[in-house]
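Novice: Quick one: structure below, then a few questions.
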Amino acid sequence: MARVRMAAATDSERAIRAAHAAFLCWRQVPAPRRGELVQAIGKELRRMKPVLGRLVSWETGKILSEGLGEVQEMIDIADFAVGLSRQLYGLTMQSERSGHRLYEQWHPLGPIGVITAFNFPVAVWAWNGLIAAVCGDTVVWKPSEKAPLCALAVQGIVARLAADMGHPGVFTLLAGDGSLGRSMAADRRLPLVSATGSCAMGRSAGESIARRLGRSLLELGGNNAAVVMADADLNLALRAVVFGAAGTAGQRCTTLRRLILEEPIAADFTARLVGAFSSLREKIGHPLVEGTLIGPLIDREAVERFKQAVARIKSEGGEILVGGSPVGPARLPPECSGGFFVEPTLVRAGRDLPISREETFAPILYVFTAPDLDRGIAIQNSADQGLSSAIFTRSLMAAETFLSAAGSDCGIANVNTGTSGAEIGGAFGGEKDTGGGREAGSDAWKAYMRRQTCTINWTGSLPLSQGVRFDLE
Ligand code: UN1
């Protein structure tokens, strides 16, 4: 589609220095004024949504509705950040000393690094970048080398608006590969690096950020599961499961990868899934053509990894119920030639299927059965990752058990809705190998600021805390 020049080491050095210089001015701009820049960005994103949404689809292969949804996610977070720009609240605490005021305030942190993945090439930047901007940070963005074009388009918009409003340098983009990401992780001038990608990437970035005692915000892989109880609305559950597993061609970190069926409905629900997955084979096609539900994977390597996973499924004793093959040009409309298509794949997992413990970024769903909810939760929690989870049930007791301390161990736990498609208003992220970071809504903004606890003595005496006495005479 295009050639993008990678930043050289000298470019990134210059960019990080400039981001630091811009920070020294930006942190002095009152937060509600910073919100005005983000408001202008949200307005421009609304205007550009049709074009940007198409570009996201072109570059990543998401169907158009999901490309547009991704831009909507940016607009939503812009609105959220504008509101937040008047609400970066600190607490006032009761001092134990008379005549003293004790409170906390939040200050901008510095230039921050944002490393994004190909699958949400612009929305995840917006979660970080727009919140960071109202918090008074400047932003250095390294997009995925697999999806730099929509990043360049978004950077074009935000950098122009920032410059027009008198704040050049708030947003910087550096196109680069893993080596740029590694140097950002090691760079002490970036007090926070927020990184989205594989667990392997996060482990290495996290280690090098920790070595310099920097802050990391990691949003890594998921191996998300849903439990369907026998009393669930099965029509609703079926739609949620199919979208969660096959939507975005299985390339969301929230994609549903494991399904746990309560035994009484297992045979029937599996049969309905076989029907639904089979019908999806007719919906594989060009992401911009109306009616397509399954676009291509991101690249040839992704197809290779799909094929390796299928080989392992077979060798480990999993039963492929639907799919399992790449889709070659002979089975595709002419406009799809050269794309990397695979069939949505449904697998009956035996008791132990080691491949199901790994995240393959493709539309593969492993189906398990469980005799009861406790066993279902145990299977759900047996993954190394802990991003998203769901239960389908009409039982209050089952739903609350799933949401209780002894229930799902994930950062996201849903009832009667799927694992993917979270709204921006909540904090997004997960536990265990997912990395523990939280982005987007709720109080995730606190990661982008530094907290300062202030004690003010407005008397003429000097009482010490904890009743300590230290009299000089
Ligand atoms: C991701 O895949 O990295 O919850 C993010 C969702 C989207 C975000 C996914 N709102 O599925």
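Each chain of the structure tokens is named A, B, ... in the order shown, its residues numbered from 1; ligands are numbered from 1 in display order.
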Show which residues sit within 10 Å of Gly338 (chain A), as a PyMOL selection string. Count only C-alpha atoms, and ignore same-chain residues fewer than 2 positions away.

Specialist: chain A and resi 296+299-300+328-329+334-336+340-341

Novice: Find the spatial neighbours of Ser442 (chain A), counting only C-alpha atoms, within a cut-off of 7 Å - ignore same-chain residues fewer than 6 positions away - and output them as JSON, numbers by chain.

Specialist: {"A": [425, 426, 427]}

Novice: Hey, which of A:Pro108, A:Pro30, A:Gly318, A:Gly244 ends up closest to Ala225 (chain A)? Count only C-alpha atoms.

Specialist: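 Going through A:Pro108, A:Pro30, A:Gly318, A:Gly244 one by one, the smallest distance to Ala225 (chain A) is for A:Gly244.
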
Novice: Could you please extract the residues within 6 Å of ligand 1, counting only C-alpha atoms and all ligand atoms, and hand them back as a ChimeraX atom specification?

Specialist: /A:120,252-254,420-423

Novice: My list of candidates is A:Leu130, A:Leu55, A:Val170, A:Ala151. Which is closest to Leu24 (chain A) when distances are computed with only C-alpha atoms?

Specialist: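 Looking only at the distances to Leu24 (chain A), the closest residue turns out to be A:Val170.
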
Novice: Neighbours of Thr60 (chain A) within 8 Å (only C-alpha atoms; same-chain residues fewer than 3 positions away dropped), as a ChimeraX atom specification?

Specialist: /A:56-57,118-119,147,297-298

Novice: Select from region 36-202 of chain A everything DSSP, run on the backbone, classes as strand (DSSP E or B), then give the selection as a list of chain:residue names.

Specialist: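 Here are the strand (DSSP E or B) residues of region 36-202 of chain A: A:Thr92, A:Met93, A:His100, A:Arg101, A:Leu102, A:Tyr103, A:Glu104, A:Gln105, A:Trp106, A:His107, A:Pro108, A:Pro111, A:Ile112, A:Gly113, A:Val114, A:Ile115, A:Thr138, A:Val139, A:Val140, A:Trp141, A:Lys142, A:Phe171, A:Thr172, A:Leu173, A:Leu192, A:Val193, A:Ser194, A:Ala195, A:Thr196.
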
Novice: If you count only C-alpha atoms, which residues fall within 12 Å of Ala200 (chain A), apart from same-chain ones fewer than 2 positions away, as a list in words?

Specialist: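 That gives Gly178, Ala195, Thr196, Gly197, Ser198, Gly202, Arg203, Ser204, Ala205, Gly206, Glu207, Leu218, Glu219, Leu220, Gly221, Glu358, Glu359, Asp433, Thr434 and Gly435 of chain A.
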
Novice: Output N, CA and C atoms for every residue in the selection just made, as a tab-separated table (two decimals), in the first residue's frame.

Specialist:
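Printed below is selection.tsv as written:
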chain	number	residue	atom	x	y	z
A	178	GLY	N	10.96	-3.08	16.63
A	178	GLY	CA	11.17	-3.46	18.03
A	178	GLY	C	12.36	-2.78	18.67
A	195	ALA	N	2.71	0.15	27.00
A	195	ALA	CA	2.97	-0.74	25.86
A	195	ALA	C	1.88	-1.79	25.72
A	196	THR	N	1.39	-1.91	24.49
A	196	THR	CA	0.38	-2.92	24.17
A	196	THR	C	0.98	-3.89	23.18
A	197	GLY	N	0.81	-5.18	23.43
A	197	GLY	CA	1.35	-6.18	22.50
A	197	GLY	C	1.41	-7.53	23.17
A	198	SER	N	2.32	-8.36	22.69
A	198	SER	CA	2.39	-9.74	23.18
A	198	SER	C	2.97	-9.79	24.59
A	202	GLY	N	5.95	-7.55	26.34
A	202	GLY	CA	5.71	-6.86	27.60
A	202	GLY	C	6.71	-7.27	28.67
A	203	ARG	N	7.06	-8.56	28.65
A	203	ARG	CA	8.01	-9.03	29.65
A	203	ARG	C	9.34	-8.32	29.46
A	204	SER	N	9.75	-8.22	28.20
A	204	SER	CA	11.06	-7.59	27.97
A	204	SER	C	10.99	-6.08	28.21
A	205	ALA	N	9.90	-5.43	27.75
A	205	ALA	CA	9.79	-3.99	27.99
A	205	ALA	C	9.68	-3.73	29.50
A	206	GLY	N	8.85	-4.52	30.17
A	206	GLY	CA	8.64	-4.33	31.61
A	206	GLY	C	9.94	-4.46	32.39
A	207	GLU	N	10.76	-5.45	31.98
A	207	GLU	CA	12.04	-5.64	32.68
A	207	GLU	C	12.93	-4.43	32.52
A	218	LEU	N	1.32	-1.94	31.18
A	218	LEU	CA	1.37	-3.03	30.21
A	218	LEU	C	-0.02	-3.58	29.94
A	219	GLU	N	-0.33	-3.69	28.66
A	219	GLU	CA	-1.61	-4.28	28.25
A	219	GLU	C	-1.25	-5.35	27.24
A	220	LEU	N	-1.18	-6.59	27.72
A	220	LEU	CA	-0.59	-7.66	26.92
A	220	LEU	C	-1.66	-8.67	26.51
A	221	GLY	N	-1.25	-9.87	26.28
A	221	GLY	CA	-2.17	-10.85	25.70
A	221	GLY	C	-3.33	-11.24	26.60
A	358	GLU	N	-2.31	-21.16	25.01
A	358	GLU	CA	-1.54	-20.11	24.33
A	358	GLU	C	-2.48	-19.22	23.53
A	359	GLU	N	-2.09	-17.97	23.38
A	359	GLU	CA	-2.91	-17.05	22.59
A	359	GLU	C	-2.45	-17.09	21.14
A	433	ASP	N	-0.40	-12.55	33.36
A	433	ASP	CA	0.48	-12.26	32.22
A	433	ASP	C	-0.06	-11.16	31.31
A	434	THR	N	-1.26	-10.69	31.57
A	434	THR	CA	-1.77	-9.55	30.79
A	434	THR	C	-1.05	-8.27	31.20
A	435	GLY	N	-0.39	-8.27	32.33
A	435	GLY	CA	0.53	-7.16	32.64
A	435	GLY	C	0.08	-6.21	33.72

Novice: What separation in Å, quoted to one decimal, exists between CA of Gly285 (chain A) and CA of Leu387 (chain A)?

Specialist: 29.2 Å

Novice: Residues of region 128-171 of chain A classed as helix (DSSP H, G or I) by DSSP on the backbone are to be reported as a VMD selection string.

Specialist: chain A and resid 128 to 134 148 to 164

Novice: Any chance you can output those residues with C-alpha atoms as a tab-separated table (two decimals), in the first residue's frame?

Specialist:
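After the write, result.tsv holds the following:
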chain	number	residue	atom	x	y	z
A	128	ASN	CA	-3.22	6.83	26.28
A	129	GLY	CA	-2.41	9.93	24.28
A	130	LEU	CA	-5.57	11.94	24.87
A	131	ILE	CA	-5.72	11.19	28.59
A	132	ALA	CA	-1.99	11.93	28.90
A	133	ALA	CA	-2.47	15.22	27.05
A	134	VAL	CA	-5.10	16.54	29.48
A	148	PRO	CA	1.86	2.79	10.59
A	149	LEU	CA	-0.41	4.47	8.02
A	150	CYS	CA	-3.43	5.19	10.19
A	151	ALA	CA	-1.01	6.30	12.89
A	152	LEU	CA	0.52	8.77	10.45
A	153	ALA	CA	-2.96	10.00	9.52
A	154	VAL	CA	-3.95	10.52	13.16
A	155	GLN	CA	-0.61	12.12	13.95
A	156	GLY	CA	-1.18	14.51	11.03
A	157	ILE	CA	-4.47	15.61	12.60
A	158	VAL	CA	-3.35	15.95	16.20
A	159	ALA	CA	0.01	17.58	15.49
A	160	ARG	CA	-1.61	20.16	13.19
A	161	LEU	CA	-4.27	21.06	15.77
A	162	ALA	CA	-1.71	21.23	18.57
A	163	ALA	CA	0.50	23.57	16.52
A	164	ASP	CA	-2.49	25.70	15.41

Novice: Which of these residues is nearest to Lys307 (chain A), using only C-alpha atoms: A:Ile391, A:Leu256, A:Cys410, A:Ala362?

Specialist: A:Ala362

Novice: Would you mind listing what lies within 7 Å of Gly295 (chain A) as a CSV table (one decimal) with N, CA and C atoms, in the first residue's frame, with only C-alpha atoms counted and same-chain residues fewer than 2 positions away left out?

Specialist:
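Output below, filename around.csv:
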chain,number,residue,atom,x,y,z
A,61,GLY,N,-7.3,-4.7,7.8
A,61,GLY,CA,-8.2,-5.8,7.3
A,61,GLY,C,-9.4,-5.9,8.2
A,62,LYS,N,-9.7,-5.0,9.1
A,62,LYS,CA,-10.9,-5.1,9.9
A,62,LYS,C,-12.1,-4.7,9.0
A,63,ILE,N,-13.2,-5.3,9.2
A,63,ILE,CA,-14.4,-4.9,8.4
A,63,ILE,C,-14.7,-3.4,8.7
A,249,ALA,N,-11.6,-11.1,13.0
A,249,ALA,CA,-10.8,-12.3,12.6
A,249,ALA,C,-10.0,-12.8,13.8
A,284,ILE,N,-16.5,-14.6,4.6
A,284,ILE,CA,-15.1,-14.2,4.5
A,284,ILE,C,-14.9,-13.4,3.2
A,285,GLY,N,-14.3,-12.3,3.4
A,285,GLY,CA,-14.1,-11.5,2.2
A,285,GLY,C,-13.4,-10.2,2.4
A,286,HIS,N,-13.5,-9.3,1.4
A,286,HIS,CA,-12.9,-8.0,1.5
A,286,HIS,C,-13.5,-7.2,2.6
A,287,PRO,N,-12.7,-6.6,3.5
A,287,PRO,CA,-13.3,-5.9,4.6
A,287,PRO,C,-14.1,-4.7,4.3
A,293,LEU,N,-18.1,-10.4,7.1
A,293,LEU,CA,-17.9,-10.4,8.5
A,293,LEU,C,-16.5,-10.8,9.0
A,297,LEU,N,-6.3,-11.9,8.1
A,297,LEU,CA,-5.3,-11.7,9.2
A,297,LEU,C,-4.3,-10.6,8.8
A,341,PHE,N,-6.3,-14.9,4.4
A,341,PHE,CA,-7.5,-15.3,5.0
A,341,PHE,C,-7.4,-16.7,5.6

Novice: Which residues come within 7 Å of Ala240 (chain A), counting only C-alpha atoms, excluding same-chain residues fewer than 4 positions away, as an NGL selection string?

Specialist: :A and (236 or 244 or 417-418)

Novice: Suppose we keep N, CA and C atoms; can you now write the selection as a CSV table (one decimal), in the first residue's frame?

Specialist:
chain,number,residue,atom,x,y,z
A,236,LEU,N,-28.9,-15.4,22.8
A,236,LEU,CA,-28.1,-14.3,23.1
A,236,LEU,C,-26.6,-14.8,23.2
A,244,GLY,N,-17.5,-12.7,19.6
A,244,GLY,CA,-16.3,-12.6,20.4
A,244,GLY,C,-15.2,-13.4,19.9
A,417,THR,N,-22.9,-10.6,28.3
A,417,THR,CA,-22.4,-9.9,27.2
A,417,THR,C,-21.0,-10.5,27.0
A,418,GLY,N,-20.4,-10.4,25.8
A,418,GLY,CA,-19.2,-11.1,25.5
A,418,GLY,C,-17.9,-10.5,26.1

Novice: Counting only C-alpha atoms, which residue out of A:Met201, A:Leu52, A:Ala245, A:Met74 sits closest to Ala117 (chain A)?

Specialist: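 When distances to Ala117 (chain A) are compared using only C-alpha atoms, the smallest one comes from A:Met201.
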
Novice: With distances taken over only C-alpha atoms, which residue among A:Thr393, A:Thr172, A:Gly214, A:Gln87 lies nearest Asn235 (chain A)?

Specialist: A:Thr393

Novice: Which of these residues is nearest to Thr270 (chain A), using only C-alpha atoms: A:Leu332, A:Leu472, A:Leu37, A:Val347?

Specialist: A:Val347

Novice: Might you pull out every residue within 10 Å of Gly113 (chain A), with only C-alpha atoms counted and same-chain residues fewer than 6 positions away left off, and present them as a PyMOL selection string?

Specialist: chain A and resi 16+128-129+138-142+172-173+181+184-185+187+189-195+216

Novice: Generate a file of the selected residues that holds C-alpha atoms, formatted as a PDB file, in the first residue's frame.

Specialist:
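The resulting file, selection.pdb, is shown below:
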ATOM      1  CA  ILE A  16      12.466  12.676  22.649  1.00  0.00           C
ATOM      2  CA  ASN A 128      -3.217   6.833  26.276  1.00  0.00           C
ATOM      3  CA  GLY A 129      -2.414   9.929  24.279  1.00  0.00           C
ATOM      4  CA  THR A 138       3.597  15.101  26.027  1.00  0.00           C
ATOM      5  CA  VAL A 139       3.352  11.905  24.021  1.00  0.00           C
ATOM      6  CA  VAL A 140       5.899   9.979  21.955  1.00  0.00           C
ATOM      7  CA  TRP A 141       4.094   7.317  19.931  1.00  0.00           C
ATOM      8  CA  LYS A 142       5.627   4.238  18.384  1.00  0.00           C
ATOM      9  CA  THR A 172       5.192  13.097  18.397  1.00  0.00           C
ATOM     10  CA  LEU A 173       5.254   9.979  16.239  1.00  0.00           C
ATOM     11  CA  GLY A 181      10.512   0.123  21.378  1.00  0.00           C
ATOM     12  CA  MET A 184      12.127   3.796  24.553  1.00  0.00           C
ATOM     13  CA  ALA A 185      11.750   1.274  27.365  1.00  0.00           C
ATOM     14  CA  ASP A 187      15.087   5.768  28.177  1.00  0.00           C
ATOM     15  CA  ARG A 189      13.549  10.632  29.923  1.00  0.00           C
ATOM     16  CA  LEU A 190      10.245   8.770  29.480  1.00  0.00           C
ATOM     17  CA  PRO A 191       8.970   8.357  33.064  1.00  0.00           C
ATOM     18  CA  LEU A 192       6.086   6.197  31.842  1.00  0.00           C
ATOM     19  CA  VAL A 193       6.004   3.798  28.924  1.00  0.00           C
ATOM     20  CA  SER A 194       2.625   2.332  28.051  1.00  0.00           C
ATOM     21  CA  ALA A 195       2.971  -0.744  25.860  1.00  0.00           C
ATOM     22  CA  SER A 216       5.234   0.800  32.919  1.00  0.00           C
TER      23      SER A 216
END
